[in-house]
Amino acid sequence: MSAKKGWNIISRIYQKTVRISLEDVHYGPISPGESKLRLLGDVKGKNVLEIGCGGGQNAIVLAKWGARPIGLDISEEQIKYARKLAKKSKVMVQFYVGNMEDLSKFLDEEFDIVLSSCAIGYSNDPRQVFCEVFRVLRKGGLFVFCVVHPIANRGRVVRYGERRMWGIGNYFDRRRRTWTWKFDGTSAKFYGYHRTLQDYFNSLVSPGFVVEKILEPEPYSLDKMTEAEREKIPYFEKGWLKDYDLWRRIPYTLLFKARKP
């Protein structure tokens with residue numbers, strides 16, 4: 001099932017089940033957001049495009065911080081939710097249904113920042129995505145995005161006695177992978193693509209990006225947090241806790257900060 005069909009099916013229950021912050025830009029699950037990682041800099045007055053914006057939470061946060069954001073997502077249901085949420089949050093954000101490989105509705109050098117959280121892994125042509133992002137960014141503009149880490153994306157849980165461990169079969173197997181997401185009785189099949197670290201890096205530098213940072217953010221130490229602190233985690237769902245012990249030992253999220261020279 002395509003990402004568009006899958007998200008159209010699961011959007012309503014996903015947005016109801018998963019806690020996504022309206023006060024901080026989120027990146028990986030149970031991991032620090034922009035308030036701690038400080039990748040975007042001062043966004044006040046900046047034109048920002050978020051590709052794969054989902055329910056619009058990041059774009060809404062950026063609007064609250066003084067940016068002029070635009071959100072793009074392939075799912076009509078996600079965009080419908082985003083528009084309602086922006087209205088409820090009393091901020092101005094433009095949302096469009098569209099494909100991240102084709103940003104032709106936007107002008108050359110229109111944006112100061114392009115952001116994407118957990119979306120580019122759905123693309124069958126990330127190099128084309130990066131070329132389009134490069135085109136719409138102004139000189140000196142930032143591109144910040146995160147994906148599921150290749151180690152997490154390619155591996156699976158294995159048991160060694162009483163221990164649960166993470167096993168990797170073939171890190172270089174780039175075939176399309178499929179999975180099913182289930183939330184409260186609603187399920188949808190998705191497919192995405194495994195890319196190695198060098199695939200992402202080389203695809204970024206190909207159009208001319210300069211990579212400034214690569215991050216593998218560690219999840220929060222939940223046992224050291226108060227309940228109030230846990231409530232402020234930007235991206236959280238209680239079902240993820242079953243694999244939390246593994247995420248503490250392997251990188252789950254891969255973050256890039258790149259600049260158009």
# chains A, B, ... in the order shown; residues from 1 in each chain; ligands from 1
>>> select_by_dssp(residues="range 102-242 of chain A", states="alpha helix (DSSP H)", output="list in words")
Pro126, Arg127, Gln128, Val129, Phe130, Cys131, Glu132, Val133, Phe134, Arg135, Val136, Pro150, Ile151, Ala152, Asn153, Arg154, Leu197, Gln198, Asp199, Tyr200, Phe201, Asn202, Ser203, Leu204, Val205, Glu227, Ala228, Glu229 and Arg230 of chain A
>>> write_last_selection(atoms="C-alpha atoms", output="tab-separated table (two decimals), in the first residue's frame")
chain	number	residue	atom	x	y	z
A	126	PRO	CA	15.57	10.65	-2.22
A	127	ARG	CA	18.15	12.09	-4.61
A	128	GLN	CA	15.32	13.77	-6.53
A	129	VAL	CA	13.87	15.06	-3.25
A	130	PHE	CA	17.22	16.56	-2.30
A	131	CYS	CA	17.62	18.18	-5.73
A	132	GLU	CA	14.20	19.79	-5.40
A	133	VAL	CA	14.95	20.96	-1.87
A	134	PHE	CA	18.24	22.45	-3.08
A	135	ARG	CA	16.39	24.33	-5.83
A	136	VAL	CA	13.77	25.92	-3.55
A	150	PRO	CA	19.57	2.52	8.70
A	151	ILE	CA	20.61	0.19	11.52
A	152	ALA	CA	17.10	0.28	12.98
A	153	ASN	CA	15.48	0.13	9.56
A	154	ARG	CA	17.31	-2.98	8.41
A	197	LEU	CA	24.27	6.17	5.66
A	198	GLN	CA	26.44	6.67	2.59
A	199	ASP	CA	23.34	6.72	0.37
A	200	TYR	CA	21.89	9.64	2.29
A	201	PHE	CA	25.20	11.49	2.52
A	202	ASN	CA	26.10	11.08	-1.16
A	203	SER	CA	22.60	12.00	-2.30
A	204	LEU	CA	22.84	15.18	-0.24
A	205	VAL	CA	26.18	16.35	-1.55
A	227	GLU	CA	5.82	12.67	34.92
A	228	ALA	CA	5.65	16.37	34.06
A	229	GLU	CA	8.92	16.09	32.13
A	230	ARG	CA	7.66	13.03	30.27
>>> closest_atom_pairs(of="range 117-145 of chain A", to="range 47-64 of chain A", cutoff="9 Å", atoms="only C-alpha atoms", output="CSV")
residue,atom,partner,partner_atom,distance
A:Ser117,CA,A:Gly52,CA,7.1
A:Cys118,CA,A:Gly52,CA,7.8
A:Ala119,CA,A:Gly52,CA,5.2
A:Ile120,CA,A:Gly52,CA,7.5
>>> write_last_selection(atoms="N, CA and C atoms", output="compact mmCIF listing (two decimals), in the first residue's frame")
# COMPACT_ATOMS: atom_id res chain seq x y z
N SER A 117 10.50 15.61 8.93
CA SER A 117 10.62 14.71 10.08
C SER A 117 9.99 13.36 9.76
N CYS A 118 10.84 12.33 9.67
CA CYS A 118 10.38 10.94 9.52
C CYS A 118 9.54 10.73 8.26
N ALA A 119 9.87 11.39 7.16
CA ALA A 119 9.07 11.27 5.94
C ALA A 119 9.86 10.81 4.72
N ILE A 120 11.12 11.19 4.61
CA ILE A 120 11.88 10.93 3.39
C ILE A 120 12.11 9.44 3.16
>>> closest_residue(among="A:Leu37, A:Leu215, A:Ile168, A:Val148", to="Trp247 in chain A", atoms="only C-alpha atoms")
A:Val148
>>> residues_around(residues="Trp65 in chain A", least_positions_apart="3", cutoff="12 Å", atoms="only C-alpha atoms", output="VMD selection string")
chain A and resid 22 to 25 34 to 35 40 to 48 58 to 62 68 to 69 91 to 92
>>> write_last_selection(atoms="N, CA and C atoms", output="CSV table (one decimal), in the first residue's frame")
chain,number,residue,atom,x,y,z
A,22,LEU,N,2.8,20.5,20.3
A,22,LEU,CA,2.5,21.8,19.6
A,22,LEU,C,3.3,22.9,20.2
A,23,GLU,N,4.3,22.6,21.0
A,23,GLU,CA,5.2,23.6,21.6
A,23,GLU,C,6.7,23.4,21.2
A,24,ASP,N,7.0,22.3,20.5
A,24,ASP,CA,8.4,22.0,20.2
A,24,ASP,C,8.4,21.2,18.9
A,25,VAL,N,9.3,21.5,18.0
A,25,VAL,CA,9.5,20.7,16.8
A,25,VAL,C,10.0,19.3,17.1
A,34,GLU,N,13.6,20.2,18.8
A,34,GLU,CA,14.4,21.4,18.4
A,34,GLU,C,14.8,22.2,19.6
A,35,SER,N,14.0,22.3,20.6
A,35,SER,CA,14.3,23.1,21.8
A,35,SER,C,15.6,22.7,22.4
A,40,LEU,N,17.8,24.5,13.9
A,40,LEU,CA,17.2,25.4,12.9
A,40,LEU,C,17.6,26.9,13.2
A,41,GLY,N,18.1,27.2,14.3
A,41,GLY,CA,18.4,28.6,14.6
A,41,GLY,C,17.2,29.4,14.9
A,42,ASP,N,17.3,30.7,14.8
A,42,ASP,CA,16.2,31.6,15.0
A,42,ASP,C,15.4,31.6,13.7
A,43,VAL,N,14.1,31.2,13.9
A,43,VAL,CA,13.2,31.0,12.7
A,43,VAL,C,12.3,32.2,12.5
A,44,LYS,N,12.4,33.2,13.4
A,44,LYS,CA,11.5,34.4,13.3
A,44,LYS,C,11.7,35.1,11.9
A,45,GLY,N,10.6,35.2,11.2
A,45,GLY,CA,10.6,35.9,9.9
A,45,GLY,C,11.1,35.1,8.8
A,46,LYS,N,11.4,33.8,9.0
A,46,LYS,CA,11.9,32.9,8.0
A,46,LYS,C,10.8,32.2,7.2
A,47,ASN,N,11.0,32.0,5.9
A,47,ASN,CA,10.1,31.2,5.1
A,47,ASN,C,10.6,29.8,5.2
A,48,VAL,N,9.7,28.9,5.7
A,48,VAL,CA,10.0,27.5,6.0
A,48,VAL,C,9.1,26.6,5.3
A,58,ASN,N,4.6,20.4,13.5
A,58,ASN,CA,5.9,21.1,13.4
A,58,ASN,C,5.6,22.5,12.7
A,59,ALA,N,4.9,22.5,11.7
A,59,ALA,CA,4.6,23.8,11.0
A,59,ALA,C,3.9,24.8,11.9
A,60,ILE,N,3.0,24.2,12.8
A,60,ILE,CA,2.3,25.1,13.7
A,60,ILE,C,3.2,25.6,14.8
A,61,VAL,N,4.1,24.8,15.3
A,61,VAL,CA,5.1,25.2,16.2
A,61,VAL,C,6.0,26.4,15.6
A,62,LEU,N,6.4,26.2,14.4
A,62,LEU,CA,7.2,27.2,13.7
A,62,LEU,C,6.5,28.5,13.6
A,68,ARG,N,7.2,31.8,8.9
A,68,ARG,CA,6.2,31.8,7.9
A,68,ARG,C,6.2,30.4,7.2
A,69,PRO,N,5.5,29.4,7.8
A,69,PRO,CA,5.7,28.1,7.4
A,69,PRO,C,4.6,27.7,6.3
A,91,VAL,N,-3.1,30.0,14.4
A,91,VAL,CA,-1.9,30.4,13.6
A,91,VAL,C,-2.2,30.3,12.1
A,92,MET,N,-1.4,31.0,11.4
A,92,MET,CA,-1.6,31.0,9.9
A,92,MET,C,-0.5,30.1,9.3
>>> residues_around(residues="Lys213 in chain A", least_positions_apart="3", cutoff="7 Å", atoms="only C-alpha atoms", output="list in words")
Phe256, Lys257 and Ala258 of chain A
>>> select_by_dssp(residues="range 34-240 of chain A", states="strand (DSSP E or B)", output="ChimeraX atom specification")
/A:47-51,68-73,94-97,111-117,137-148,155-160,163-168,176-183,186-193,210-215,235-236
>>> closest_residue(among="A:Leu142, A:Met100, A:Leu254, A:Val18", to="Phe209 in chain A", atoms="only C-alpha atoms")
A:Leu142
>>> residues_around(residues="Ile10 in chain A", least_positions_apart="5", cutoff="10 Å", atoms="only C-alpha atoms", output="list in words")
Lys5, Gln15, Glu77, Gln78, Trp181, Lys182, Phe183, Thr186, Ser187, Ala188 and Lys189 of chain A
>>> atom_distance(atom1="CA of Arg12 in chain A", atom2="CA of Gly66 in chain A")
28.1 Å
